[in-house]
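Colleague: Have a look at the structure that comes next, please.
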Amino acid sequence: MRGTLPLAFAGLLPLTRNTERDMKKVITRFAPSPTGHLHIGGGRTAIFCWLLARHFGGEFRLRIEDTDSERSRQEYTDSILASMKWLGLDWDGELTYQSRRLDVYNSYVDKLLASGHAYWCDCSPEEVEAMREVARAKGEKPRYNGRCRERGLGPGEGRVVRLRVPDEGRIVFDDMVKGHIAVDVAELDDMVLRRADGMPTYNMAVVVDDHDMGVTHVLRGDDHVSNTPKQILLYQALGFDLPTFGHVPMILGPDRQKLSKRHGARAVIEYEQDGLLPQALVNYLVRLGWSHGDQEIFSMDELVHLFDGTSLNSAAAAFDPEKLQWLNAHYLRETPPARIAEMVEPFMEKKGVSLDRGMLEKLVPLYRERSANLVELAEDMALYQPGADVECEEKAAKSLTDEGKGHIAALRGIFAGLAEFDEASLEAAIHEYVEKGGLKFKQVGPPLRAALIGRAGGPSVHLTLCALGREESLRRLDRVLA
RNA sequence: GUCCCUAUCGUCUAGACGGCCCAGGACAACGGCCUUUCACGCCGUCAACGCCGGUUCGAAUCCGGCUGGGGACGCCA
């Protein structure tokens, strides 16, 4: 039996138009392990898988890989699902939990045992580690030495089941994004399929699940390329048809190092908290590693239409927070004010700010192009909190000279007497005051703005006055004059 | 250490068939315009084919080597 396994060969299934109609229904999956929040790397992979399925009118399945009972937590599963929803990714069918399929994995392990593709092993972790050391010392790849291969062991306490890897040959497959990949089986070792505690290992569970779920396209992170040959061996041993594999590159930090805590936000939930719009994150992530000519902005519909699994970059890309912010600012300007008002309210609440809806909707159009995200927007909205004594920034305070205060006092009287406190009347009133006094607007605008919102920049003063309303405007002017 | 993957502006990238590329777009930076301010918007500037060989009339595009970067070598996923 040994060394006689047929060599694996995963035929290329190019996603081109001519083969599209011949292909069976595309089924993709995203399979996170609930040991942390959904990170942007995983998020991007999920988006790609989702897009591929939606583009071809197939199915997108979600599977929770919780075979590591030590580290898996329900709260992370919840968090991942919440992030998926926030990103706008819906999935088909029931959620699959690997922890509930232990019997299935074990029945396949039994089949492999029966067919001679796998064997029991009683080597302790320490012994195996020693074997690896020996190999390393010889300049070889550290691996298990196959000690129990021919011992004919049966089940027993502390024993694991290992795959019997062929003695020679090459595993060859064509990756959707990386192209032709070939690995010598000598690089692989007899990996554990079933742990001593009866739980399946990652590679075992993945192969069984992907097969059972009918997955046709396994799109996943770059860090799994070296698992693929091992999994192909398992597909072969189990007699399963091979899916098409695709490995998308990792996302690097701005310094081109592996993304880590040092780089700030990594989880999609953090970006949500940072006030980003989901569409901006999706657009950014997709564009990182995939392109369509010179196009930068893509709607979800466009992505579904355009994303067919080609044009994926094969080299790792560095994450650029500035471009993300730029995209976010873009989407902020595109989103209807009422919708933005709705989204910014939770952020205002966090700051203890609450404006009535009418005022908020008046303010949003004035501020959305001055903010890159909802946190900044909320900060600006805080300036309008009725009754708030806004602290005046230094740059603005400079305009509150005696002359400036004189203008404020004069205008205060005019505003108080206005029949209508609306945009047109306010603009006209200020205009008239400037004209009649032979003044420059520069002498009047800045001090007014400083008195009202304590800032040197912002919307036109008459719009600010109008948004604040007569009562609050006069209160703020009086505060400066006092 | 071993194996796998990878290599165009600071960053994300365009670049089927080698000539249309003294390399295009976007972010950032810088300068300007617009604007009563701050933004937005608009215009412009700076800036790259890692290195060495080879193939060719001609290479960012093909081949080889080098170097750089990433990943993997678990009873983690």
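Residues in the structure tokens are named by chain (A, B, ... in the order shown) and by number from 1 within that chain; ligands are numbered from 1 in the order shown.
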Do me a favour and pick out the residues of chain A within 6 Å of chain B, using only C-alpha atoms (C1' of nucleotides), as an NGL selection string.
Modeller: :A and (139-141 or 195 or 223 or 226 or 293-294 or 315 or 323 or 369-370 or 441-442 or 457-458)
Colleague: Using N, CA, C and O atoms, can you write the selected residues to a file as a tab-separated table (two decimals), in the first residue's frame?
Modeller:
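And here's result.tsv as it stands now:
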```tsv
chain	number	residue	atom	x	y	z
A	139	GLY	N	19.58	19.30	8.57
A	139	GLY	CA	19.31	20.28	7.52
A	139	GLY	C	18.06	19.95	6.73
A	139	GLY	O	17.85	20.47	5.64
A	140	GLU	N	17.22	19.07	7.28
A	140	GLU	CA	15.99	18.72	6.58
A	140	GLU	C	14.80	19.44	7.21
A	140	GLU	O	14.91	20.04	8.27
A	141	LYS	N	13.69	19.29	6.54
A	141	LYS	CA	12.47	19.88	7.09
A	141	LYS	C	12.05	19.08	8.31
A	141	LYS	O	12.01	17.84	8.26
A	195	ARG	N	-6.76	13.61	16.97
A	195	ARG	CA	-5.94	13.82	18.16
A	195	ARG	C	-6.22	12.78	19.23
A	195	ARG	O	-7.22	12.06	19.17
A	223	ASP	N	-1.64	31.96	3.88
A	223	ASP	CA	-0.98	31.14	4.88
A	223	ASP	C	-1.41	29.68	4.79
A	223	ASP	O	-0.86	28.83	5.50
A	226	SER	N	0.57	26.01	2.09
A	226	SER	CA	1.33	24.81	2.46
A	226	SER	C	0.42	23.73	3.04
A	226	SER	O	0.83	22.59	3.17
A	293	GLY	N	-8.85	47.66	-13.87
A	293	GLY	CA	-8.30	48.83	-14.55
A	293	GLY	C	-7.95	49.91	-13.55
A	293	GLY	O	-7.35	49.65	-12.52
A	294	ASP	N	-8.37	51.13	-13.86
A	294	ASP	CA	-8.04	52.27	-13.01
A	294	ASP	C	-9.14	52.61	-12.01
A	294	ASP	O	-9.05	53.59	-11.29
A	315	ALA	N	0.81	38.99	-4.83
A	315	ALA	CA	1.79	39.40	-3.83
A	315	ALA	C	1.10	40.13	-2.68
A	315	ALA	O	0.07	40.77	-2.86
A	323	LYS	N	-5.65	55.91	2.75
A	323	LYS	CA	-6.53	55.72	1.60
A	323	LYS	C	-7.90	55.24	2.07
A	323	LYS	O	-8.92	55.59	1.48
A	369	GLU	N	-18.94	66.82	4.52
A	369	GLU	CA	-17.76	66.92	3.67
A	369	GLU	C	-16.56	67.48	4.42
A	369	GLU	O	-15.48	67.62	3.87
A	370	ARG	N	-16.77	67.81	5.68
A	370	ARG	CA	-15.66	68.28	6.50
A	370	ARG	C	-15.16	67.18	7.43
A	370	ARG	O	-14.27	67.40	8.23
A	441	PHE	N	-15.92	91.37	5.17
A	441	PHE	CA	-16.57	90.25	5.83
A	441	PHE	C	-15.62	89.61	6.85
A	441	PHE	O	-16.02	89.13	7.90
A	442	LYS	N	-14.34	89.64	6.49
A	442	LYS	CA	-13.31	89.06	7.33
A	442	LYS	C	-13.32	89.61	8.75
A	442	LYS	O	-12.88	88.97	9.69
A	457	GLY	N	-12.74	77.42	11.61
A	457	GLY	CA	-13.29	76.96	10.33
A	457	GLY	C	-14.67	76.38	10.53
A	457	GLY	O	-15.09	76.11	11.65
A	458	GLY	N	-15.39	76.21	9.44
A	458	GLY	CA	-16.72	75.62	9.53
A	458	GLY	C	-17.61	76.16	8.44
A	458	GLY	O	-17.15	76.88	7.55
```
Colleague: Find the residues near Arg143 in chain A: any atom within 10 Å, counting only C-alpha atoms (C1' of nucleotides), skip ones fewer than 4 places away on the same chain, and give them as a PyMOL selection string.
Modeller: (chain A and resi 128-136+186-191) or (chain B and resi 73)
Colleague: For range 198-205 of chain A, please output as a PyMOL selection string all residues within 8 Å (counting only C-alpha atoms (C1' of nucleotides); exclusion window: fewer than 6 positions along the same chain).
Modeller: (chain A and resi 67+98+102+105-106+160+192+227+230-231+234) or (chain B and resi 75+77)
Colleague: From range 273-379 of chain A, collect each residue whose DSSP state is alpha helix (DSSP H) and return the set as a PyMOL selection string.
Modeller: chain A and resi 273+278-287+300-306+321-334+337-350+357-367+374-379
Colleague: What is the distance between CA of His305 in chain A and CA of His55 in chain A, in Å to one decimal?
Modeller: 5.9 Å
Colleague: Give me every strand (DSSP E) residue in range 197-326 of chain A, going by DSSP on the backbone, as an NGL selection string.
Modeller: :A and (217-221 or 244-248 or 251-252 or 317-318)
Colleague: Residues within 10 Å of Glu394 in chain A, please, as a VMD selection string. Count only C-alpha atoms (C1' of nucleotides); anything in the same chain fewer than 3 positions from it doesn't count.
Modeller: chain A and resid 391 397 to 399 450 454 to 456
Colleague: Counting only C-alpha atoms, figure out which residue out of A:Asp175, A:Asp241, A:Glu403, A:Asp197 gets nearest to Gly214 in chain A.
Modeller: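 Nearest candidate to Gly214 in chain A out of A:Asp175, A:Asp241, A:Glu403, A:Asp197: A:Asp241.
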Colleague: Suppose you want the space between CA of Leu52 in chain A and CA of Ala82 in chain A; what is it in Å?
Modeller: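 Taking CA of Leu52 in chain A and CA of Ala82 in chain A, their separation equals 21.1 Å.
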Colleague: Taking 2 positions as the minimum chain separation for residues in the same chain, which residues sit within 12 Å of C33 in chain B when counting only C-alpha atoms (C1' of nucleotides)? Answer as a list in words.
Modeller: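 Counting only C-alpha atoms (C1' of nucleotides), the residues come to G31, U35, G41, C42, C43 and G44 of chain B.
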Colleague: For a test of reading the model, state the distance in Å between CA of Glu471 in chain A and CA of Ala416 in chain A, rounded to one decimal.
Modeller: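 Pair CA of Glu471 in chain A / CA of Ala416 in chain A returns 8.7 Å.
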Colleague: Using only C-alpha atoms (C1' of nucleotides), which residue out of B:C17, B:A60, B:G65, B:C34 lies closest to A48 in chain B?
Modeller: B:A60
